[in-house]
Every structure is written in structure tokens, then in C-alpha cells.
>>> print(open('structure.cif').read())   # mmCIF, C-alpha atoms
data_target
#
loop_
_atom_site.group_PDB
_atom_site.id
_atom_site.type_symbol
_atom_site.label_atom_id
_atom_site.label_comp_id
_atom_site.auth_asym_id
_atom_site.auth_seq_id
_atom_site.Cartn_x
_atom_site.Cartn_y
_atom_site.Cartn_z
ATOM 1 C CA MET U 1 -13.548 29.871 59.472
ATOM 2 C CA PHE U 2 -10.725 32.326 60.104
ATOM 3 C CA GLY U 3 -8.539 29.552 61.499
ATOM 4 C CA GLU U 4 -9.186 27.437 58.423
ATOM 5 C CA GLU U 5 -8.326 30.302 56.097
ATOM 6 C CA ARG U 6 -5.095 30.845 57.980
ATOM 7 C CA LYS U 7 -4.208 27.185 57.536
ATOM 8 C CA LYS U 8 -4.884 27.320 53.813
ATOM 9 C CA LYS U 9 -2.633 30.325 53.325
ATOM 10 C CA SER U 10 0.060 29.470 55.852
ATOM 11 C CA PHE U 11 2.587 28.207 53.332
ATOM 12 C CA PHE U 12 2.739 31.690 51.765
ATOM 13 C CA GLY U 13 3.210 33.286 55.190
ATOM 14 C CA LYS U 14 6.990 33.328 55.317
ATOM 15 C CA LEU U 15 7.204 34.253 51.653
ATOM 16 C CA SER U 16 4.943 37.231 52.332
ATOM 17 C CA GLN U 17 7.014 38.267 55.342
ATOM 18 C CA ARG U 18 10.315 38.016 53.464
ATOM 19 C CA ILE U 19 8.981 40.063 50.550
ATOM 20 C CA GLY U 20 7.574 42.648 52.954
ATOM 21 C CA ASP U 21 10.889 42.887 54.808
ATOM 22 C CA ALA U 22 12.749 43.354 51.516
ATOM 23 C CA LEU U 23 10.362 46.117 50.455
ATOM 24 C CA MET U 24 10.433 47.969 53.757
ATOM 25 C CA ALA U 25 14.229 47.794 53.970
ATOM 26 C CA ARG U 26 14.645 49.882 50.812
ATOM 27 C CA PRO U 27 13.786 53.560 50.344
ATOM 28 C CA THR U 28 13.139 52.962 46.634
ATOM 29 C CA ILE U 29 12.016 50.058 44.464
ATOM 30 C CA ASP U 30 15.167 49.417 42.449
ATOM 31 C CA GLU U 31 17.144 46.632 40.786
ATOM 32 C CA ASP U 32 18.625 45.612 44.126
ATOM 33 C CA PHE U 33 15.120 44.873 45.387
ATOM 34 C CA LEU U 34 14.302 42.841 42.267
ATOM 35 C CA ASP U 35 17.539 40.871 42.705
ATOM 36 C CA GLU U 36 16.599 40.152 46.297
ATOM 37 C CA LEU U 37 13.073 39.196 45.248
ATOM 38 C CA GLU U 38 14.537 36.755 42.724
ATOM 39 C CA GLU U 39 16.544 35.092 45.496
ATOM 40 C CA ILE U 40 13.505 34.958 47.795
ATOM 41 C CA LEU U 41 11.366 33.250 45.143
ATOM 42 C CA ILE U 42 14.020 30.695 44.223
ATOM 43 C CA THR U 43 14.662 29.768 47.859
ATOM 44 C CA SER U 44 10.889 29.365 48.290
ATOM 45 C CA ASP U 45 11.033 26.488 45.772
ATOM 46 C CA ILE U 46 9.827 28.471 42.783
ATOM 47 C CA GLY U 47 11.936 27.288 39.842
ATOM 48 C CA MET U 48 14.451 29.487 38.072
ATOM 49 C CA GLU U 49 12.502 29.763 34.817
ATOM 50 C CA THR U 50 9.258 30.633 36.592
ATOM 51 C CA THR U 51 11.051 33.062 38.917
ATOM 52 C CA MET U 52 12.579 34.936 35.991
ATOM 53 C CA LYS U 53 9.162 35.153 34.352
ATOM 54 C CA ILE U 54 7.651 36.606 37.557
ATOM 55 C CA VAL U 55 10.446 39.115 38.143
ATOM 56 C CA GLU U 56 10.531 40.296 34.525
ATOM 57 C CA THR U 57 6.770 40.827 34.493
ATOM 58 C CA LEU U 58 6.923 42.736 37.775
ATOM 59 C CA ARG U 59 9.854 44.834 36.540
ATOM 60 C CA SER U 60 7.861 45.790 33.455
ATOM 61 C CA GLU U 61 4.796 46.737 35.497
ATOM 62 C CA ILE U 62 6.858 48.791 37.947
ATOM 63 C CA ARG U 63 8.379 50.781 35.082
ATOM 64 C CA SER U 64 5.270 51.222 32.976
ATOM 65 C CA ASN U 65 3.019 52.159 35.919
ATOM 66 C CA ASN U 66 5.643 53.911 38.066
ATOM 67 C CA LEU U 67 4.828 51.712 41.055
ATOM 68 C CA THR U 68 6.495 52.806 44.301
ATOM 69 C CA LYS U 69 4.289 51.768 47.220
ATOM 70 C CA PRO U 70 5.298 48.457 48.881
ATOM 71 C CA GLU U 71 1.696 47.323 49.388
ATOM 72 C CA VAL U 72 0.939 47.917 45.700
ATOM 73 C CA ILE U 73 4.052 45.982 44.686
ATOM 74 C CA LYS U 74 2.961 42.996 46.799
ATOM 75 C CA ILE U 75 -0.537 43.049 45.313
ATOM 76 C CA ARG U 76 0.847 43.151 41.770
ATOM 77 C CA LEU U 77 3.226 40.307 42.593
ATOM 78 C CA GLY U 78 0.345 38.221 43.930
ATOM 79 C CA LYS U 79 -1.687 38.804 40.786
ATOM 80 C CA ILE U 80 1.256 37.851 38.559
ATOM 81 C CA ILE U 81 1.740 34.597 40.446
ATOM 82 C CA ALA U 82 -2.002 33.880 40.397
ATOM 83 C CA SER U 83 -2.067 34.296 36.619
ATOM 84 C CA LEU U 84 0.721 31.719 36.234
ATOM 85 C CA MET U 85 -1.112 29.190 38.416
ATOM 86 C CA ASN U 86 -4.598 29.781 37.028
ATOM 87 C CA LYS U 87 -5.798 27.024 34.687
ATOM 88 C CA ASN U 88 -9.449 28.097 34.943
ATOM 89 C CA GLU U 89 -11.977 25.227 34.933
ATOM 90 C CA LYS U 90 -9.214 22.598 34.808
ATOM 91 C CA HIS U 91 -8.781 23.013 38.570
ATOM 92 C CA SER U 92 -12.159 21.380 39.159
ATOM 93 C CA LEU U 93 -12.509 17.616 39.403
ATOM 94 C CA CYS U 94 -14.541 16.146 36.543
ATOM 95 C CA GLN U 95 -18.215 16.122 37.502
ATOM 96 C CA ASP U 96 -19.295 13.545 34.925
ATOM 97 C CA THR U 97 -20.375 10.120 36.145
ATOM 98 C CA PRO U 98 -19.462 7.364 36.072
ATOM 99 C CA LEU U 99 -15.938 8.561 36.788
ATOM 100 C CA VAL U 100 -12.745 6.546 37.299
ATOM 101 C CA ILE U 101 -9.942 8.279 39.187
ATOM 102 C CA LEU U 102 -6.509 6.673 38.935
ATOM 103 C CA MET U 103 -4.317 7.906 41.800
ATOM 104 C CA ILE U 104 -0.584 7.747 41.177
ATOM 105 C CA GLY U 105 2.502 8.891 43.076
ATOM 106 C CA ILE U 106 5.439 7.624 45.113
ATOM 107 C CA ASN U 107 5.053 5.845 48.430
ATOM 108 C CA GLY U 108 4.972 8.192 51.397
ATOM 109 C CA GLY U 109 3.555 11.140 49.494
ATOM 110 C CA GLY U 110 0.088 10.896 51.040
ATOM 111 C CA LYS U 111 -1.632 9.008 48.210
ATOM 112 C CA THR U 112 -3.775 6.662 50.290
ATOM 113 C CA THR U 113 -4.760 9.427 52.690
ATOM 114 C CA SER U 114 -5.704 11.654 49.748
ATOM 115 C CA ILE U 115 -7.858 8.868 48.325
ATOM 116 C CA GLY U 116 -9.752 8.630 51.594
ATOM 117 C CA LYS U 117 -10.250 12.383 51.795
ATOM 118 C CA ILE U 118 -11.419 12.657 48.175
ATOM 119 C CA ALA U 119 -13.823 9.763 48.781
ATOM 120 C CA HIS U 120 -15.180 11.581 51.846
ATOM 121 C CA LYS U 121 -15.614 14.811 49.867
ATOM 122 C CA LEU U 122 -17.427 13.089 47.002
ATOM 123 C CA LYS U 123 -19.684 11.145 49.344
ATOM 124 C CA SER U 124 -20.569 14.343 51.216
ATOM 125 C CA GLU U 125 -21.641 15.763 47.840
ATOM 126 C CA GLY U 126 -24.112 12.907 47.444
ATOM 127 C CA LYS U 127 -22.083 10.684 45.119
ATOM 128 C CA THR U 128 -21.646 6.953 45.556
ATOM 129 C CA VAL U 129 -17.983 5.955 45.790
ATOM 130 C CA MET U 130 -15.971 2.725 45.636
ATOM 131 C CA LEU U 131 -12.243 2.188 46.191
ATOM 132 C CA ALA U 132 -9.918 -0.261 44.428
ATOM 133 C CA ALA U 133 -6.793 -1.411 46.308
ATOM 134 C CA ALA U 134 -4.593 -1.892 43.235
ATOM 135 C CA ASP U 135 -1.328 -1.218 45.090
ATOM 136 C CA THR U 136 -0.702 -4.906 45.705
ATOM 137 C CA PHE U 137 3.072 -4.576 46.005
ATOM 138 C CA ARG U 138 3.405 -2.529 49.201
ATOM 139 C CA ALA U 139 2.828 -4.459 52.397
ATOM 140 C CA ALA U 140 -0.397 -3.439 54.174
ATOM 141 C CA ALA U 141 -1.398 -0.988 51.413
ATOM 142 C CA ALA U 142 -4.805 -2.646 51.001
ATOM 143 C CA GLU U 143 -5.344 -2.716 54.756
ATOM 144 C CA GLN U 144 -4.550 0.978 54.996
ATOM 145 C CA LEU U 145 -7.044 1.725 52.240
ATOM 146 C CA CYS U 146 -9.665 -0.448 53.967
ATOM 147 C CA ILE U 147 -9.249 1.598 57.133
ATOM 148 C CA TRP U 148 -10.107 4.697 55.118
ATOM 149 C CA GLY U 149 -12.978 2.859 53.452
ATOM 150 C CA ASP U 150 -14.443 2.015 56.856
ATOM 151 C CA ARG U 151 -13.901 5.553 58.078
ATOM 152 C CA VAL U 152 -15.626 7.114 55.082
ATOM 153 C CA GLY U 153 -18.236 4.377 54.722
ATOM 154 C CA VAL U 154 -17.409 3.113 51.225
ATOM 155 C CA ASN U 155 -16.627 -0.365 49.888
ATOM 156 C CA VAL U 156 -13.078 -1.404 48.975
ATOM 157 C CA VAL U 157 -12.273 -4.064 46.362
ATOM 158 C CA LYS U 158 -9.006 -5.832 47.180
ATOM 159 C CA HIS U 159 -7.020 -8.997 46.413
ATOM 160 C CA LYS U 160 -4.179 -10.696 48.231
ATOM 161 C CA GLU U 161 -0.813 -8.986 48.529
ATOM 162 C CA GLY U 162 1.227 -9.527 45.354
ATOM 163 C CA ALA U 163 -1.825 -10.074 43.135
ATOM 164 C CA ASP U 164 -2.106 -8.602 39.651
ATOM 165 C CA PRO U 165 -3.102 -4.925 40.101
ATOM 166 C CA SER U 166 -5.038 -4.948 36.822
ATOM 167 C CA ALA U 167 -7.110 -7.872 38.093
ATOM 168 C CA VAL U 168 -8.116 -5.730 41.077
ATOM 169 C CA ILE U 169 -9.107 -2.918 38.704
ATOM 170 C CA TYR U 170 -11.103 -5.376 36.584
ATOM 171 C CA ASP U 171 -13.064 -6.712 39.570
ATOM 172 C CA ALA U 172 -13.628 -3.207 40.933
ATOM 173 C CA ILE U 173 -15.040 -2.051 37.595
ATOM 174 C CA GLN U 174 -17.436 -4.991 37.406
ATOM 175 C CA SER U 175 -18.618 -4.298 40.946
ATOM 176 C CA ALA U 176 -18.927 -0.546 40.340
ATOM 177 C CA LYS U 177 -20.992 -1.105 37.187
ATOM 178 C CA ALA U 178 -23.249 -3.673 38.880
ATOM 179 C CA LYS U 179 -23.922 -1.280 41.764
ATOM 180 C CA ASN U 180 -24.183 1.868 39.607
ATOM 181 C CA ILE U 181 -21.356 3.539 41.513
ATOM 182 C CA ASP U 182 -20.724 7.154 40.539
ATOM 183 C CA VAL U 183 -16.975 7.304 41.236
ATOM 184 C CA LEU U 184 -14.372 4.533 41.370
ATOM 185 C CA ILE U 185 -11.050 5.631 42.909
ATOM 186 C CA CYS U 186 -8.098 3.331 42.229
ATOM 187 C CA ASP U 187 -4.947 3.216 44.321
ATOM 188 C CA THR U 188 -1.773 2.233 42.442
ATOM 189 C CA ALA U 189 1.769 1.179 43.289
ATOM 190 C CA GLY U 190 4.168 4.003 44.028
ATOM 191 C CA ARG U 191 7.324 2.064 43.432
ATOM 192 C CA LEU U 192 8.174 -1.067 41.469
ATOM 193 C CA GLN U 193 11.501 -2.607 40.482
ATOM 194 C CA ASN U 194 12.183 0.015 37.833
ATOM 195 C CA LYS U 195 10.491 2.637 35.685
ATOM 196 C CA LYS U 196 9.617 0.110 32.963
ATOM 197 C CA ASN U 197 7.693 -2.034 35.468
ATOM 198 C CA LEU U 198 5.781 1.027 36.621
ATOM 199 C CA MET U 199 5.021 2.027 33.036
ATOM 200 C CA ASP U 200 3.854 -1.471 32.156
ATOM 201 C CA GLU U 201 1.542 -1.706 35.182
ATOM 202 C CA LEU U 202 -0.036 1.705 34.581
ATOM 203 C CA ASN U 203 -0.490 0.909 30.894
ATOM 204 C CA LYS U 204 -2.195 -2.374 31.772
ATOM 205 C CA MET U 205 -4.539 -0.634 34.198
ATOM 206 C CA ASN U 206 -5.441 2.017 31.647
ATOM 207 C CA LYS U 207 -6.149 -0.626 29.025
ATOM 208 C CA VAL U 208 -8.420 -2.533 31.419
ATOM 209 C CA ILE U 209 -10.338 0.638 32.294
ATOM 210 C CA GLY U 210 -10.645 1.616 28.626
ATOM 211 C CA ARG U 211 -11.837 -1.840 27.613
ATOM 212 C CA GLU U 212 -14.147 -2.619 30.518
ATOM 213 C CA PHE U 213 -15.483 0.848 31.298
ATOM 214 C CA PRO U 214 -15.286 2.921 28.086
ATOM 215 C CA GLU U 215 -18.283 5.023 29.053
ATOM 216 C CA ALA U 216 -16.581 6.298 32.223
ATOM 217 C CA ALA U 217 -14.980 9.736 32.451
ATOM 218 C CA ARG U 218 -11.335 9.690 33.550
ATOM 219 C CA GLU U 219 -9.013 11.517 35.903
ATOM 220 C CA ASN U 220 -5.341 10.608 36.472
ATOM 221 C CA LEU U 221 -4.263 12.482 39.592
ATOM 222 C CA LEU U 222 -0.624 12.692 40.659
ATOM 223 C CA VAL U 223 -0.121 13.024 44.415
ATOM 224 C CA LEU U 224 2.926 15.092 45.417
ATOM 225 C CA ASP U 225 4.380 15.935 48.824
ATOM 226 C CA ALA U 226 4.968 19.697 48.964
ATOM 227 C CA THR U 227 7.764 19.294 51.508
ATOM 228 C CA THR U 228 9.937 17.486 48.936
ATOM 229 C CA GLY U 229 10.366 20.771 47.101
ATOM 230 C CA LYS U 230 12.107 20.502 43.755
ATOM 231 C CA ASN U 231 12.002 16.688 43.904
ATOM 232 C CA ALA U 232 8.290 17.069 43.169
ATOM 233 C CA VAL U 233 9.203 18.512 39.768
ATOM 234 C CA SER U 234 11.193 15.359 38.975
ATOM 235 C CA GLN U 235 8.183 13.252 39.926
ATOM 236 C CA VAL U 236 5.926 15.214 37.565
ATOM 237 C CA LYS U 237 8.377 14.506 34.756
ATOM 238 C CA GLU U 238 8.747 10.809 35.621
ATOM 239 C CA PHE U 239 5.057 10.046 36.029
ATOM 240 C CA GLY U 240 4.167 12.291 33.120
ATOM 241 C CA ASP U 241 6.140 9.912 30.913
ATOM 242 C CA VAL U 242 3.941 6.975 31.900
ATOM 243 C CA ALA U 243 0.517 8.535 32.436
ATOM 244 C CA ASP U 244 -1.673 11.298 31.039
ATOM 245 C CA ILE U 245 -1.837 13.363 34.220
ATOM 246 C CA THR U 246 -4.989 15.483 34.436
ATOM 247 C CA GLY U 247 -4.183 17.198 37.711
ATOM 248 C CA ILE U 248 -2.087 17.406 40.876
ATOM 249 C CA VAL U 249 -2.980 16.701 44.494
ATOM 250 C CA LEU U 250 -0.414 18.596 46.581
ATOM 251 C CA THR U 251 -0.174 17.288 50.140
ATOM 252 C CA LYS U 252 1.450 18.523 53.361
ATOM 253 C CA LEU U 253 1.230 22.228 52.623
ATOM 254 C CA ASP U 254 0.602 22.860 56.320
ATOM 255 C CA GLY U 255 3.777 23.650 58.203
ATOM 256 C CA THR U 256 6.108 23.991 55.221
ATOM 257 C CA ALA U 257 8.004 27.277 54.999
ATOM 258 C CA LYS U 258 8.199 27.041 51.227
ATOM 259 C CA GLY U 259 5.363 25.776 49.051
ATOM 260 C CA GLY U 260 6.438 27.696 45.965
ATOM 261 C CA ILE U 261 6.596 24.385 44.138
ATOM 262 C CA VAL U 262 2.865 24.805 43.459
ATOM 263 C CA VAL U 263 3.701 27.811 41.258
ATOM 264 C CA THR U 264 6.451 25.979 39.392
ATOM 265 C CA ILE U 265 4.328 22.919 38.615
ATOM 266 C CA ALA U 266 1.398 24.967 37.360
ATOM 267 C CA ASP U 267 3.620 27.180 35.208
ATOM 268 C CA GLU U 268 6.320 24.867 33.839
ATOM 269 C CA PHE U 269 4.010 21.940 33.116
ATOM 270 C CA ASP U 270 0.822 23.894 32.367
ATOM 271 C CA MET U 271 -0.817 21.534 34.827
ATOM 272 C CA PRO U 272 -3.715 22.296 37.177
ATOM 273 C CA VAL U 273 -3.456 21.692 40.909
ATOM 274 C CA LYS U 274 -6.854 20.240 41.840
ATOM 275 C CA PHE U 275 -6.529 19.637 45.574
ATOM 276 C CA ILE U 276 -4.215 20.687 48.388
ATOM 277 C CA GLY U 277 -3.727 18.947 51.706
ATOM 278 C CA VAL U 278 -3.512 21.409 54.588
ATOM 279 C CA GLY U 279 -3.795 19.131 57.621
ATOM 280 C CA GLU U 280 -4.417 15.659 58.990
ATOM 281 C CA GLY U 281 -8.180 15.929 59.371
ATOM 282 C CA ILE U 282 -10.602 14.213 57.011
ATOM 283 C CA ASP U 283 -11.824 17.612 55.781
ATOM 284 C CA ASP U 284 -8.309 19.022 55.319
ATOM 285 C CA LEU U 285 -8.185 18.414 51.577
ATOM 286 C CA LYS U 286 -9.272 21.595 49.830
ATOM 287 C CA GLU U 287 -10.089 22.457 46.246
ATOM 288 C CA PHE U 288 -7.307 24.644 44.929
ATOM 289 C CA ASP U 289 -8.090 28.277 44.140
ATOM 290 C CA PRO U 290 -5.012 29.973 42.616
ATOM 291 C CA VAL U 291 -6.319 33.499 43.131
ATOM 292 C CA GLU U 292 -7.166 32.903 46.776
ATOM 293 C CA PHE U 293 -3.814 31.328 47.447
ATOM 294 C CA ALA U 294 -1.800 34.023 45.735
ATOM 295 C CA GLU U 295 -3.632 36.580 47.859
ATOM 296 C CA GLY U 296 -1.745 35.068 50.792
ATOM 297 C CA ILE U 297 1.354 36.897 49.560
ATOM 298 C CA TYR U 298 -0.120 40.257 50.528
ATOM 299 C CA ASN U 299 -2.784 39.263 53.065
ATOM 300 C CA GLU U 300 -0.555 37.334 55.471
#
>>> encode(input="structure.cif", output="C-alpha cells")
Amino acid sequence: MFGEERKKKSFFGKLSQRIGDALMARPTIDEDFLDELEEILITSDIGMETTMKIVETLRSEIRSNNLTKPEVIKIRLGKIIASLMNKNEKHSLCQDTPLVILMIGINGGGKTTSIGKIAHKLKSEGKTVMLAAADTFRAAAAEQLCIWGDRVGVNVVKHKEGADPSAVIYDAIQSAKAKNIDVLICDTAGRLQNKKNLMDELNKMNKVIGREFPEAARENLLVLDATTGKNAVSQVKEFGDVADITGIVLTKLDGTAKGGIVVTIADEFDMPVKFIGVGEGIDDLKEFDPVEFAEGIYNE
């Protein structure tokens, strides 16, 4: 368990160390420290606007409470960051069934792998799961999803490469309804010819789901690669224009020295992070707990 906890918090490790070094290097907590903290947060992929909000809040607390001890400063900083990330119950995946999860995101971000891991998690909770291979544009996308389907032990609905993605969704819905499947997880294309094509395809899929499965609850999850840093913010904006995103799946948090992008996304877009990927194993997709993760700032 200890090893797993270390993995979950590892991306805050270097941030914690840098903040600790900055605190210990100064005899007093002054403006020079806060300037250095600002630089540390920005270079950890926390956006400028969010960084300024964090530093200003900490500055106010230091003054009003006369905070001087480094360990107290780190704890207060962790709590400030946790409050920015915390979206309360929105962090939890919808528990209603039937449920349709539309997975979106660019190619290479870990979308298919995340689908397999979410399917494994849901199945381990006793739910019946089906996958729809609606990314018909990327070569071998359906085959990759089928490998995960076999690994997890769930059925995959697929068509030939280049087929209409919405037709795959349609067939998957009919099959899921006939078999009383609890959760249908749909893969989607990560890149088409241009943004309009992507918008049109996602709109078509949403219309098919709404028409054919109106009784189903919905989740639109955007998969982001944490190692892309600030590029992930651009992806939230781009995909947010074409889909009603209900939550983020942040992958590849293991091994990255930054990871502050999780704070920026939660704060700037008021968007919950629902899952984080912390390794390659089938169980290495964890439900996101903002308080637990922010504790890594002062527990590492």
C-alpha cells in the first residue's frame, strides 16, 4: 500500500522539495520567498492566473495569521491548492445505469488504455460493461480496443476501418440495450481532417445516443496526457468547444516532474478531474481525490 501511495503522490514530489528548499533557504517568510514560490508554481505547469490566486491567498493568510514556520506554510499551501481543485461530488463517475461514457481526446494521450482500465474498474464493481470501437479513422484502433476487451473480459462492438463512427455507436447501443448492459464506453477519433470534421462527428454521435438511448445517463470524459503540460489546457479549450465535457482523465502522472496542470484545469475551467493514470498496470487508474493529492506537497 505504501508503494502505491508513493506512486499516486510522486508528481508532487519535486514540487514539495523545491518549496521546502525555498522555505529553508530563508530566515524569514518574506516577499522574496513569495516571488520564488510564484516561479516554482509556474514552472510546475500551474498557469499564471491560478498561480497568482494561490500566492495572493497564501500571502493574505501569512499576514493575517502571522505564519512563520516552514511546515505550517507548506500545509497552508496544500490546503489552498486542494480548495482550488475540489469539485466535491463531481469527481465521482456517475453511478446511474444505464450509463454511456463517450471518451474523447487526441491520439497518443492514453484514451484507449484508459477505456480498458475504466472497464476493468467498473466490472470489478459488479457492473456489466460493453465497448464501442467508434474510432474508425485510426489504423488498428479497433484492434487495440479489442485487445483490452479480451483482457478485461468485455464485448467490443466494431465495424471495418473507415466506417461511419455513428453507425458503430448505433449498433453498440442496440446490443447494450438487448443485453441489459450497465455501462457502454465509446471510443472516438482523436484527430480528423480539421476541427469542423471532429465537431460534426461528435455531434452526430451525441445525437445518435440521445435518440436511441434517451434513458441512459451520460458522461463525456476528456483524456489528457499530463506530460504535455500547458498543451493540455489548449486541448480542454478545443474539445470543450465541441463537447459538453463532464470530467477529465489525466494520464501519465507517474514519472513527470511537473503535474501542476491538474491544478490549472480544475481551477481555470471549473472542471473535475475524475481519474488519474499513475502507471501501466490495469489497476493503475485511480479515482482522483484533490485533498489527498494536495497533501503530497507537504507529505513528500
>>> closest_residue(input="structure.cif", among="U:Lys160, U:Arg18, U:Lys87, U:Arg138", to="U:Ala189", atoms="only C-alpha atoms")
U:Arg138
>>> residues_near_point(input="structure.cif", point="(-14.3, 1.1, 48.2)", cutoff="9 Å", atoms="only C-alpha atoms", output="ChimeraX atom specification")
/U:119,129-133,145-146,148-150,153-158,172,184-186
>>> resolve_selection(input="structure.cif", expression="the PyMOL selection byres ((chain U and resi 201) around 10)", output="count of residues only")
19
>>> resolve_selection(input="structure.cif", expression="the PyMOL selection byres ((chain U and resi 278) around 6)", output="list in words")
Lys252, Leu253, Asp254, Gly277, Gly279 and Asp284 of chain U
>>> write_last_selection(input="structure.cif", atoms="C-alpha atoms", output="JSON list (two decimals), in the coordinates of the input")
[["chain", "number", "residue", "atom", "x", "y", "z"],
["U", 252, "LYS", "CA", 1.45, 18.52, 53.36],
["U", 253, "LEU", "CA", 1.23, 22.23, 52.62],
["U", 254, "ASP", "CA", 0.60, 22.86, 56.32],
["U", 277, "GLY", "CA", -3.73, 18.95, 51.71],
["U", 279, "GLY", "CA", -3.80, 19.13, 57.62],
["U", 284, "ASP", "CA", -8.31, 19.02, 55.32]]
>>> resolve_selection(input="structure.cif", expression="the PyMOL selection byres ((chain U and resi 183) around 10)", output="PyMOL selection string")
chain U and resi 95-101+119+122-123+127-131+176+180-182+184-186+216-218
